[in-house]
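Peer 1: Structure file structure-v5.cif (mmCIF, C-alpha atoms) right here:
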```cif
data_protein
#
loop_
_atom_site.label_atom_id
_atom_site.label_comp_id
_atom_site.auth_asym_id
_atom_site.auth_seq_id
_atom_site.Cartn_x
_atom_site.Cartn_y
_atom_site.Cartn_z
CA MET A 24 -19.45 129.37 12.98
CA ALA A 25 -16.98 130.36 15.70
CA LEU A 26 -14.91 133.48 15.07
CA ARG A 27 -11.14 133.03 15.23
CA SER A 28 -8.17 135.32 15.72
CA GLU A 29 -5.51 135.42 13.04
CA GLN A 30 -3.35 133.11 15.16
CA GLY A 31 -6.16 130.57 15.05
CA ASP A 32 -5.60 128.69 18.31
CA GLY A 33 -4.88 131.36 20.92
CA PRO A 34 -6.95 132.43 23.95
CA THR A 35 -9.15 134.71 21.84
CA SER A 36 -10.03 131.79 19.60
CA SER A 37 -10.87 129.61 22.59
CA ARG A 38 -13.15 132.26 24.07
CA TRP A 39 -15.02 132.69 20.79
CA ASP A 40 -15.31 128.92 20.36
CA CYS A 41 -16.76 128.52 23.86
CA GLY A 42 -19.16 131.39 23.28
CA ALA A 43 -20.33 129.90 20.00
CA GLU A 44 -20.81 126.47 21.55
CA LYS A 45 -22.85 127.94 24.40
CA ALA A 46 -25.00 129.92 21.98
CA ASP A 47 -25.58 126.79 19.90
CA PHE A 48 -26.49 124.80 23.02
CA ASN A 49 -28.95 127.46 24.17
CA ALA A 50 -30.53 127.62 20.72
CA LYS A 51 -30.99 123.85 20.60
CA ARG A 52 -32.45 123.85 24.10
CA LYS A 53 -34.89 126.61 23.23
CA ARG A 54 -35.96 124.74 20.09
CA LYS A 55 -36.53 121.56 22.05
CA VAL A 56 -38.62 123.33 24.69
CA ALA A 57 -40.76 124.79 21.92
CA GLU A 58 -41.20 121.38 20.30
CA ILE A 59 -42.22 119.83 23.62
CA HIS A 60 -44.84 122.50 24.25
CA GLN A 61 -46.11 122.14 20.71
CA ALA A 62 -46.57 118.39 21.25
CA LEU A 63 -48.29 119.01 24.60
CA ASN A 64 -50.66 121.55 23.08
CA SER A 65 -51.61 119.39 20.11
CA ASP A 66 -55.12 117.99 20.03
CA PRO A 67 -54.80 115.15 20.73
CA THR A 68 -51.46 115.34 22.55
CA ASP A 69 -48.62 114.13 20.32
CA VAL A 70 -47.37 111.41 22.65
CA ALA A 71 -45.05 109.96 19.99
CA ALA A 72 -43.26 113.32 19.75
CA LEU A 73 -43.01 113.52 23.53
CA ARG A 74 -41.41 110.08 23.58
CA ARG A 75 -38.84 111.24 21.04
CA MET A 76 -38.12 114.34 23.11
CA ALA A 77 -37.73 112.25 26.29
CA ILE A 78 -35.28 109.90 24.59
CA SER A 79 -33.23 112.36 22.57
CA GLU A 80 -30.24 114.27 23.89
CA GLY A 81 -30.91 116.08 27.16
CA GLY A 82 -34.23 114.37 27.76
CA LEU A 83 -37.04 116.58 29.07
CA LEU A 84 -34.64 119.25 30.34
CA THR A 85 -36.46 120.50 33.46
CA ASP A 86 -38.66 119.18 36.26
CA GLU A 87 -41.33 121.69 35.25
CA ILE A 88 -41.55 120.00 31.86
CA ARG A 89 -41.41 116.53 33.44
CA ARG A 90 -44.47 117.36 35.53
CA LYS A 91 -46.37 117.87 32.29
CA VAL A 92 -44.85 115.12 30.15
CA TRP A 93 -44.40 112.15 32.49
CA PRO A 94 -48.19 111.76 32.93
CA LYS A 95 -48.59 111.74 29.14
CA LEU A 96 -45.93 109.05 28.74
CA LEU A 97 -47.77 106.87 31.24
CA ASN A 98 -51.24 107.76 29.98
CA VAL A 99 -52.25 109.16 33.36
CA ASN A 100 -54.78 111.95 33.78
CA ALA A 101 -52.91 114.51 35.88
CA ASN A 102 -56.22 116.13 36.89
CA ASP A 103 -57.70 112.93 38.32
CA PRO A 104 -56.05 112.30 41.70
CA PRO A 105 -56.23 108.85 43.27
CA PRO A 106 -58.82 108.44 46.03
CA ILE A 107 -57.55 108.78 49.58
CA SER A 108 -57.90 105.64 51.65
CA GLY A 109 -60.01 105.98 54.78
CA LYS A 110 -58.07 103.18 56.45
CA ASN A 111 -55.17 103.53 58.84
CA LEU A 112 -52.69 101.90 56.49
CA ARG A 113 -49.75 102.23 58.85
CA GLN A 114 -51.49 99.97 61.34
CA MET A 115 -52.99 97.58 58.80
CA SER A 116 -50.20 97.10 56.26
CA LYS A 117 -47.97 94.07 56.63
CA ASP A 118 -45.26 96.01 54.77
CA TYR A 119 -45.25 99.09 56.99
CA GLN A 120 -42.24 98.20 59.15
CA GLN A 121 -40.07 97.33 56.13
CA VAL A 122 -41.16 100.46 54.25
CA LEU A 123 -40.41 102.55 57.33
CA LEU A 124 -36.91 101.10 57.64
CA ASP A 125 -36.17 101.65 53.94
CA VAL A 126 -37.47 105.23 53.98
CA ARG A 127 -35.41 106.07 57.06
CA ARG A 128 -32.33 104.85 55.20
CA SER A 129 -33.12 107.04 52.18
CA LEU A 130 -31.52 110.26 53.44
CA ARG A 131 -29.02 110.41 50.58
CA ARG A 132 -31.84 110.46 48.04
CA PHE A 133 -32.92 113.93 49.16
CA PRO A 134 -31.16 117.09 47.95
CA PRO A 135 -28.17 118.08 50.11
CA GLY A 136 -28.93 121.09 52.21
CA MET A 137 -32.68 120.45 52.35
CA PRO A 138 -34.05 121.56 55.74
CA GLU A 139 -34.56 118.59 58.07
CA GLU A 140 -38.21 119.44 58.66
CA GLN A 141 -38.93 119.50 54.93
CA ARG A 142 -37.09 116.23 54.38
CA GLU A 143 -38.93 114.50 57.20
CA GLY A 144 -42.23 115.71 55.75
CA LEU A 145 -41.33 114.23 52.36
CA GLN A 146 -40.34 110.95 53.99
CA GLU A 147 -43.78 110.75 55.59
CA GLU A 148 -45.36 111.38 52.18
CA LEU A 149 -43.13 108.70 50.69
CA ILE A 150 -44.43 106.15 53.19
CA ASP A 151 -48.04 107.14 52.51
CA ILE A 152 -47.63 106.82 48.73
CA ILE A 153 -46.16 103.34 48.95
CA LEU A 154 -48.74 102.02 51.42
CA LEU A 155 -51.64 103.47 49.42
CA ILE A 156 -50.46 101.88 46.17
CA LEU A 157 -50.00 98.52 47.85
CA GLU A 158 -53.43 98.75 49.47
CA ARG A 159 -55.11 99.59 46.17
CA ASN A 160 -53.25 96.83 44.32
CA PRO A 161 -53.10 93.72 46.52
CA GLN A 162 -51.52 91.75 43.66
CA LEU A 163 -48.37 93.87 44.06
CA HIS A 164 -45.68 92.94 46.57
CA TYR A 165 -43.28 95.46 48.05
CA TYR A 166 -39.56 94.98 47.43
CA GLN A 167 -36.52 96.73 48.86
CA GLY A 168 -35.55 99.38 46.33
CA TYR A 169 -39.12 100.29 45.37
CA HIS A 170 -38.89 103.36 47.58
CA ASP A 171 -35.91 104.57 45.48
CA ILE A 172 -38.19 104.80 42.47
CA VAL A 173 -41.08 106.36 44.38
CA VAL A 174 -38.91 109.08 45.93
CA THR A 175 -37.74 110.18 42.49
CA PHE A 176 -41.32 110.80 41.40
CA LEU A 177 -42.15 112.46 44.71
CA LEU A 178 -39.30 114.96 44.36
CA VAL A 179 -40.19 115.80 40.76
CA VAL A 180 -44.00 115.90 40.69
CA GLY A 181 -45.21 116.00 44.30
CA GLU A 182 -47.24 113.55 46.38
CA ARG A 183 -50.58 113.57 44.56
CA LEU A 184 -49.30 113.11 41.04
CA ALA A 185 -46.49 110.79 42.17
CA THR A 186 -49.11 108.42 43.58
CA SER A 187 -50.92 108.19 40.23
CA LEU A 188 -47.75 107.84 38.17
CA VAL A 189 -46.08 105.25 40.38
CA GLU A 190 -49.29 103.22 40.59
CA LYS A 191 -49.43 103.05 36.80
CA LEU A 192 -45.72 102.29 36.61
CA SER A 193 -46.08 99.54 39.20
CA THR A 194 -48.71 97.73 37.16
CA HIS A 195 -46.70 98.02 33.93
CA HIS A 196 -42.94 98.65 33.80
CA LEU A 197 -42.27 97.45 37.37
CA ARG A 198 -44.87 94.70 37.44
CA ASP A 199 -42.38 91.85 37.19
CA PHE A 200 -40.40 93.11 40.18
CA MET A 201 -43.52 93.02 42.34
CA ASP A 202 -44.43 89.35 42.08
CA PRO A 203 -44.45 87.31 45.29
CA THR A 204 -41.46 85.13 44.33
CA MET A 205 -39.51 87.63 42.22
CA ASP A 206 -38.62 84.90 39.77
CA ASN A 207 -39.33 87.39 37.00
CA THR A 208 -36.59 89.74 38.19
CA LYS A 209 -34.02 87.00 37.93
CA HIS A 210 -35.15 86.25 34.42
CA ILE A 211 -34.85 89.88 33.34
CA LEU A 212 -31.30 89.87 34.69
CA ASN A 213 -30.70 86.82 32.54
CA TYR A 214 -30.90 89.07 29.47
CA LEU A 215 -27.76 90.95 30.51
CA MET A 216 -25.16 88.37 29.50
CA PRO A 217 -26.69 87.51 26.10
CA ILE A 218 -26.63 91.22 25.18
CA ILE A 219 -22.97 91.48 26.20
CA ASP A 220 -22.20 88.26 24.31
CA GLN A 221 -23.63 89.60 21.07
CA VAL A 222 -21.54 92.75 21.28
CA ASN A 223 -18.30 91.59 22.89
CA PRO A 224 -17.76 87.81 23.13
CA GLU A 225 -14.35 88.26 24.78
CA LEU A 226 -15.81 90.30 27.63
CA HIS A 227 -18.71 87.87 27.98
CA ASP A 228 -16.40 84.86 28.17
CA PHE A 229 -14.16 86.58 30.73
CA MET A 230 -17.15 87.32 32.95
CA GLN A 231 -18.40 83.77 32.57
CA SER A 232 -14.98 82.42 33.53
CA ALA A 233 -14.99 84.67 36.59
CA GLU A 234 -18.46 83.33 37.47
CA VAL A 235 -19.51 86.85 38.43
CA GLY A 236 -23.16 86.33 37.52
CA THR A 237 -25.51 89.31 37.26
CA ILE A 238 -26.27 90.13 40.90
CA PHE A 239 -24.09 93.26 40.65
CA ALA A 240 -26.75 94.79 38.38
CA LEU A 241 -29.73 93.95 40.58
CA SER A 242 -29.99 97.30 42.36
CA TRP A 243 -29.47 99.07 39.03
CA LEU A 244 -32.43 97.31 37.49
CA ILE A 245 -35.03 97.39 40.26
CA THR A 246 -34.41 101.03 41.23
CA TRP A 247 -33.88 102.28 37.68
CA PHE A 248 -30.39 103.29 38.86
CA GLY A 249 -31.85 105.64 41.47
CA HIS A 250 -30.10 103.79 44.28
CA VAL A 251 -26.62 103.91 42.77
CA LEU A 252 -26.36 107.35 41.14
CA SER A 253 -25.60 110.26 43.44
CA ASP A 254 -26.46 113.10 41.03
CA PHE A 255 -30.23 113.55 40.84
CA ARG A 256 -29.91 115.13 37.38
CA HIS A 257 -28.58 111.87 36.00
CA VAL A 258 -31.34 109.89 37.70
CA VAL A 259 -34.19 111.93 36.20
CA ARG A 260 -32.49 111.91 32.79
CA LEU A 261 -32.58 108.12 32.86
CA TYR A 262 -36.21 108.17 34.03
CA ASP A 263 -37.08 110.29 30.98
CA PHE A 264 -35.49 107.60 28.83
CA PHE A 265 -37.02 104.59 30.57
CA LEU A 266 -40.53 106.05 30.76
CA ALA A 267 -40.51 106.56 27.00
CA CYS A 268 -39.25 103.06 26.21
CA HIS A 269 -39.90 99.35 26.43
CA PRO A 270 -39.95 97.97 30.01
CA LEU A 271 -36.73 96.03 29.39
CA MET A 272 -34.70 99.09 28.43
CA PRO A 273 -33.03 99.33 31.88
CA ILE A 274 -31.31 95.97 31.32
CA TYR A 275 -29.96 97.21 27.97
CA PHE A 276 -28.64 100.30 29.74
CA ALA A 277 -27.00 98.04 32.33
CA ALA A 278 -25.35 96.13 29.49
CA VAL A 279 -23.89 99.24 27.87
CA ILE A 280 -22.39 100.30 31.21
CA VAL A 281 -20.58 96.97 31.43
CA LEU A 282 -19.51 97.22 27.79
CA TYR A 283 -18.25 100.76 28.35
CA ARG A 284 -16.06 99.47 31.20
CA GLU A 285 -14.66 96.62 29.11
CA GLN A 286 -10.99 97.40 29.69
CA GLU A 287 -11.43 97.82 33.44
CA VAL A 288 -13.13 94.43 33.63
CA LEU A 289 -10.53 92.66 31.49
CA ASP A 290 -7.74 94.18 33.62
CA CYS A 291 -9.28 92.59 36.74
CA ASP A 292 -8.24 89.30 38.22
CA CYS A 293 -10.51 86.71 36.66
CA ASP A 294 -12.39 85.79 39.80
CA MET A 295 -15.86 86.49 41.08
CA ALA A 296 -14.86 88.71 44.01
CA SER A 297 -12.68 91.06 41.94
CA VAL A 298 -15.08 91.48 39.02
CA HIS A 299 -18.13 91.79 41.25
CA HIS A 300 -16.44 94.46 43.36
CA LEU A 301 -15.47 96.46 40.29
CA LEU A 302 -18.88 96.33 38.64
CA SER A 303 -20.74 97.01 41.88
CA GLN A 304 -19.00 100.39 42.15
CA ILE A 305 -20.74 102.24 39.32
CA PRO A 306 -18.81 105.33 38.11
CA GLN A 307 -20.58 108.64 38.64
CA ASP A 308 -19.04 110.33 35.60
CA LEU A 309 -20.46 108.09 32.90
CA PRO A 310 -21.13 109.61 29.44
CA TYR A 311 -24.88 109.27 29.93
CA GLU A 312 -26.07 110.61 26.58
CA THR A 313 -23.70 108.33 24.67
CA LEU A 314 -24.77 105.32 26.71
CA ILE A 315 -28.47 106.14 26.26
CA SER A 316 -27.96 106.25 22.52
CA ARG A 317 -26.07 102.95 22.54
CA ALA A 318 -28.69 101.24 24.69
CA GLY A 319 -31.40 102.26 22.24
CA ASP A 320 -29.41 101.03 19.29
CA LEU A 321 -28.64 97.70 20.96
CA PHE A 322 -32.34 97.26 21.65
CA VAL A 323 -32.98 97.56 17.94
CA GLN A 324 -30.14 95.30 16.88
CA PHE A 325 -30.74 92.66 19.55
CA PRO A 326 -34.42 92.92 20.55
CA PRO A 327 -35.72 90.80 23.43
CA SER A 328 -37.48 88.52 21.00
CA GLU A 329 -34.09 87.51 19.59
CA LEU A 330 -32.50 86.98 23.01
CA ALA A 331 -35.37 85.22 24.76
CA ARG A 332 -34.17 81.72 23.88
CA GLU A 333 -30.77 82.36 25.37
CA ALA A 334 -32.25 84.01 28.48
CA ALA A 335 -34.88 81.35 29.18
CA ALA A 336 -34.71 78.34 26.85
CA GLN A 337 -36.96 76.18 29.03
CA GLN A 338 -39.63 78.70 29.84
CA GLN A 339 -43.18 78.90 28.48
CA ALA A 340 -44.66 82.20 27.40
CA GLU A 341 -46.99 84.09 29.72
CA ARG A 342 -48.15 87.63 30.30
CA THR A 343 -45.45 89.97 31.60
CA ALA A 344 -44.91 93.71 31.83
CA ALA A 345 -43.62 93.73 28.27
CA SER A 346 -46.69 92.01 26.86
CA THR A 347 -49.08 94.37 28.67
CA PHE A 348 -47.35 97.58 27.63
CA LYS A 349 -50.31 98.53 25.43
CA ASP A 350 -49.69 102.20 24.90
CA PHE A 351 -46.20 101.55 23.57
CA GLU A 352 -47.49 98.81 21.30
CA LEU A 353 -50.22 101.13 20.02
CA ALA A 354 -47.69 103.87 19.30
CA SER A 355 -45.77 101.42 17.13
CA ALA A 356 -48.71 99.83 15.32
CA GLN A 357 -49.22 102.45 12.63
CA GLN A 358 -46.00 101.75 10.78
CA ARG A 359 -43.08 99.36 10.62
CA PRO A 360 -40.31 101.50 12.13
CA ASP A 361 -37.78 98.74 11.69
CA MET A 362 -38.07 99.31 7.95
CA VAL A 363 -37.84 103.07 8.48
CA LEU A 364 -34.66 102.53 10.47
CA ARG A 365 -33.07 100.42 7.77
CA GLN A 366 -33.93 103.04 5.18
CA ARG A 367 -32.29 105.68 7.37
CA PHE A 368 -29.18 103.59 7.58
CA ARG A 369 -29.03 103.36 3.81
CA GLY A 370 -29.20 107.13 3.65
CA LEU A 371 -26.75 107.86 6.46
CA LEU A 372 -23.97 105.39 5.79
CA ARG A 373 -21.45 105.73 3.01
CA PRO A 374 -21.75 102.97 0.39
CA GLU A 375 -18.47 101.40 1.48
CA ASP A 376 -19.70 101.29 5.10
CA ARG A 377 -23.13 99.85 4.50
CA THR A 378 -22.04 96.26 4.76
CA LYS A 379 -19.87 96.74 7.82
CA ASP A 380 -20.96 95.10 11.05
CA VAL A 381 -19.28 96.96 13.85
CA LEU A 382 -20.66 95.19 16.89
CA THR A 383 -22.26 91.97 15.73
CA LYS A 384 -20.24 88.86 16.43
CA PRO A 385 -18.67 87.31 13.31
CA ARG A 386 -20.34 84.00 14.06
CA THR A 387 -23.90 85.30 13.82
CA ASN A 388 -25.96 86.38 10.84
CA ARG A 389 -29.36 86.46 12.54
CA PHE A 390 -29.35 90.12 13.44
CA VAL A 391 -29.77 93.33 11.54
CA LYS A 392 -26.28 94.50 10.58
CA LEU A 393 -26.05 97.89 12.21
CA ALA A 394 -23.02 99.98 13.10
CA VAL A 395 -24.44 100.43 16.58
CA MET A 396 -21.79 102.36 18.44
CA GLY A 397 -21.44 104.88 15.64
CA LEU A 398 -25.06 105.98 15.68
CA THR A 399 -26.08 109.46 16.68
CA VAL A 400 -28.38 110.10 19.58
CA ALA A 401 -31.12 111.15 17.20
CA LEU A 402 -30.91 107.94 15.24
CA GLY A 403 -30.85 105.96 18.44
CA ALA A 404 -34.03 107.71 19.49
CA ALA A 405 -35.74 106.93 16.22
CA ALA A 406 -34.61 103.34 16.48
CA LEU A 407 -36.41 102.89 19.77
CA ALA A 408 -39.73 102.91 17.98
CA VAL A 409 -39.04 99.30 16.99
CA VAL A 410 -41.09 97.76 19.71
CA LYS A 411 -43.81 95.68 18.15
CA SER A 412 -41.64 92.68 17.43
CA ALA A 413 -40.09 92.87 20.90
CA LEU A 414 -43.52 92.67 22.49
CA GLU A 415 -43.90 89.17 21.07
CA TRP A 416 -41.20 87.63 23.24
CA ALA A 417 -43.08 87.19 26.56
CA PRO A 418 -41.11 84.25 27.96
CA LYS A 419 -42.04 83.12 31.42
CA PHE A 420 -39.85 85.17 33.72
CA GLN A 421 -37.95 83.77 36.66
CA LEU A 422 -36.31 86.18 39.13
CA GLN A 423 -34.75 86.65 42.57
CA LEU A 424 -34.06 89.90 44.37
CA PHE A 425 -31.39 91.03 46.72
CA PRO A 426 -31.39 89.46 50.17
#
```
Would you mind writing the file's structure down as C-alpha cells?
Peer 2:
Amino acid sequence: MALRSEQGDGPTSSRWDCGAEKADFNAKRKRKVAEIHQALNSDPTDVAALRRMAISEGGLLTDEIRRKVWPKLLNVNANDPPPISGKNLRQMSKDYQQVLLDVRRSLRRFPPGMPEEQREGLQEELIDIILLILERNPQLHYYQGYHDIVVTFLLVVGERLATSLVEKLSTHHLRDFMDPTMDNTKHILNYLMPIIDQVNPELHDFMQSAEVGTIFALSWLITWFGHVLSDFRHVVRLYDFFLACHPLMPIYFAAVIVLYREQEVLDCDCDMASVHHLLSQIPQDLPYETLISRAGDLFVQFPPSELAREAAAQQQAERTAASTFKDFELASAQQRPDMVLRQRFRGLLRPEDRTKDVLTKPRTNRFVKLAVMGLTVALGAAALAVVKSALEWAPKFQLQLFP
C-alpha cells in the first residue's frame, strides 16, 4: 500500500504512490520471469504455461526470453538448424528481384541509429532467409509484406533460428497468405465486418454505408502489424500474442482497433475516401494491452465457427491454416476450456451482473453472453484456450492482396 502524507494528495503523496507502483510493477515482472523459466525448465516443457505468459500482460518481456520461448510456441527445435542450400538462390529464384526491392525499402524496420554496415548485413541475411524458405517449400508463394514478418524474427532471434521459425510459421499461421491466388487472404479479411457487426451494429452499418470495405486492414493482417507500427516494442508484443494463439487472431485484433476508434469513424464523412483514409492511418499510441485482452475475449464470444457463415456463405470447407494448427488443437484437447471460462464468469461477476450482455447485439441469442470489454487481461488470456470448436470452421478461403 502506498504511504501518504497527512495532506493526502500533495507532492509527497504522489512520489510515494509512484514509488509503490514501480515496486509493484517490478515485483510482478520478476514473478513472471520466474514463471517463464519454470515452464521452460519443466520436463517436458510446459508449453501451455508459456502460451499463457505470452498472451498475458506484458507478453514475454524481453528478446532474450523470446529467443527461448518462440521456438517452443512453434514446436521448433532451436538446436536443429535448417540445412544450407548449395544452390545460388539469387540467380535461380523467380522472386529474387521482388524480394530485393522490398528489402531495400525496409529501412524503417531497423532500429534507428544502427550502423549502416550492420543494417546492410542484416538486409542481406533477410534476403537469404526468404529465398531459402521459398526454395525449400515450393508450394509457398512470396507476397509483398512477407519480409516485414521475417525481419521481425531476424532482429529478435538471428538468422539461423529465424529461418526455422519463419519456415514453420509460413506453413501454418501464414499459409493462407502464401497461396498462388491469395483468395484465402480476402476471405480472412471477410471476418472483420461480422466481428464488428456483432459488437457494434451502428459502426458496422456506417462503414457499410460508406462502402469502405476491408482493404485498409490488409497490411495489418499480412504483416502482423509489423508494417504499420513504428515502435518495435509494440510489434514484438503483438507477435508474442499471435504466436500463442489461433491463426485468425490478427483479424480479431484488427477488429478491436476499429471498435476502439468508433467515435473517430462515426465523426467522419460517410464516404469511402474519408473512412478509408482515417482507418489507414493507424494510431501509434494505442492501449495495446487493453486491445489484446479485448481481442482474446471477442474470439471466445464470437469464434470463427460462429462467423464463418457470414464471412463465406457459399464456400465449401477445405484444409486451411486454422485446420492444420495441430499443436494448438492438441493443447486444447485435454479439457473443455469453454466450460472453464463460463465457470470463471460465474465466480467473477456479481449476481446482478451475470445476465448482462455488454457487447452482444440485442437481436442475437446465439452467442455466449459475456461482458467482453470488462474482462481483465488475465481472464482474456484464459479465454483464449477455447480453440477446439474454432478449429472446426475451415470454410474455403477466398482472398486478394494489395496491388
Peer 1: Tell me which of A:Glu58, A:Asp86, A:Asp202, A:Glu80 sits closest to Arg256 of chain A, counting all atoms listed in the file.
Peer 2: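 For Arg256 of chain A, the nearest of the candidates is A:Asp86.
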Peer 1: Neighbours of segment 263-268 of chain A within 7 Å (all atoms listed in the file; same-chain residues fewer than 4 positions away dropped), as an mmCIF file with C-alpha atoms, in the coordinates of the input?
Peer 2:
```cif
data_model
loop_
_atom_site.group_PDB
_atom_site.id
_atom_site.type_symbol
_atom_site.label_atom_id
_atom_site.label_comp_id
_atom_site.auth_asym_id
_atom_site.auth_seq_id
_atom_site.Cartn_x
_atom_site.Cartn_y
_atom_site.Cartn_z
ATOM 1 C CA ARG A 74 -41.410 110.080 23.580
ATOM 2 C CA ALA A 77 -37.730 112.250 26.290
ATOM 3 C CA ILE A 78 -35.280 109.900 24.590
ATOM 4 C CA GLY A 82 -34.230 114.370 27.760
ATOM 5 C CA LEU A 83 -37.040 116.580 29.070
ATOM 6 C CA LEU A 96 -45.930 109.050 28.740
ATOM 7 C CA VAL A 259 -34.190 111.930 36.200
ATOM 8 C CA MET A 272 -34.700 99.090 28.430
ATOM 9 C CA PRO A 273 -33.030 99.330 31.880
#
```
Peer 1: Residues near segment 64-69 of chain A, anyone? I mean within 12 Å using all atoms listed in the file, not counting same-chain ones fewer than 6 positions away, as a PDB file with C-alpha atoms, in the coordinates of the input.
Peer 2:
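Output file part.pdb is given in full below:
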```
ATOM      1  CA  ALA A  57     -40.760 124.790  21.920  1.00  0.00           C
ATOM      2  CA  GLU A  58     -41.200 121.380  20.300  1.00  0.00           C
ATOM      3  CA  ARG A  75     -38.840 111.240  21.040  1.00  0.00           C
ATOM      4  CA  MET A  76     -38.120 114.340  23.110  1.00  0.00           C
ATOM      5  CA  LYS A  91     -46.370 117.870  32.290  1.00  0.00           C
ATOM      6  CA  VAL A  92     -44.850 115.120  30.150  1.00  0.00           C
ATOM      7  CA  PRO A  94     -48.190 111.760  32.930  1.00  0.00           C
ATOM      8  CA  LYS A  95     -48.590 111.740  29.140  1.00  0.00           C
ATOM      9  CA  LEU A  96     -45.930 109.050  28.740  1.00  0.00           C
ATOM     10  CA  ASN A  98     -51.240 107.760  29.980  1.00  0.00           C
ATOM     11  CA  ALA A 354     -47.690 103.870  19.300  1.00  0.00           C
TER      12      ALA A 354
END
```
Peer 1: I need the residue set behind the PyMOL selection byres ((chain A and resi 145) around 10) for this file; please write it as a compact mmCIF listing (two decimals) with C-alpha atoms, in the frame of the given file.
Peer 2:
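What follows is the written file result05.txt:
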```txt
# COMPACT_ATOMS: atom_id res chain seq x y z
CA VAL A 126 -37.47 105.23 53.98
CA PHE A 133 -32.92 113.93 49.16
CA GLU A 139 -34.56 118.59 58.07
CA GLU A 140 -38.21 119.44 58.66
CA GLN A 141 -38.93 119.50 54.93
CA ARG A 142 -37.09 116.23 54.38
CA GLU A 143 -38.93 114.50 57.20
CA GLY A 144 -42.23 115.71 55.75
CA GLN A 146 -40.34 110.95 53.99
CA GLU A 147 -43.78 110.75 55.59
CA GLU A 148 -45.36 111.38 52.18
CA LEU A 149 -43.13 108.70 50.69
CA ILE A 150 -44.43 106.15 53.19
CA ASP A 151 -48.04 107.14 52.51
CA VAL A 174 -38.91 109.08 45.93
CA LEU A 177 -42.15 112.46 44.71
CA LEU A 178 -39.30 114.96 44.36
CA GLY A 181 -45.21 116.00 44.30
CA GLU A 182 -47.24 113.55 46.38
```
Peer 1: When you look at Leu157 of chain A with a cut-off of 12 Å (counting all atoms listed in the file), what residues show up, excluding the ones that are within fewer than 5 positions of it in the same chain? I need them as a list of chain:residue names.
Peer 2: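 Near Leu157 of chain A, the qualifying residues are A:Ser108, A:Leu112, A:Arg113, A:Met115, A:Ser116, A:Lys117, A:Asp118, A:Tyr119, A:Val122, A:Ile150, A:Asp151, A:Ile152, A:Gln162, A:Leu163, A:His164, A:Tyr165, A:Tyr166, A:Tyr169, A:Thr186, A:Val189, A:Glu190, A:Lys191, A:Ser193, A:Thr194, A:Met201.
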Peer 1: Identify the residues within 7 Å of coordinate (-41.7, 102.5, 33.0) (same frame as the file), considering all atoms listed in the file, and give the answer as a PyMOL selection string.
Peer 2: chain A and resi 192+195-197+265-266+270
Peer 1: What does the structure give for the distance between atom CA of Gly319 of chain A and atom CA of His170 of chain A, in Å to one decimal?
Peer 2: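 Pair atom CA of Gly319 of chain A / atom CA of His170 of chain A returns 26.4 Å.
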Peer 1: How many Å separate atom CA of Leu124 of chain A from atom CA of Asn160 of chain A?
Peer 2: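 Distance reported for this atom pair: 21.5 Å.
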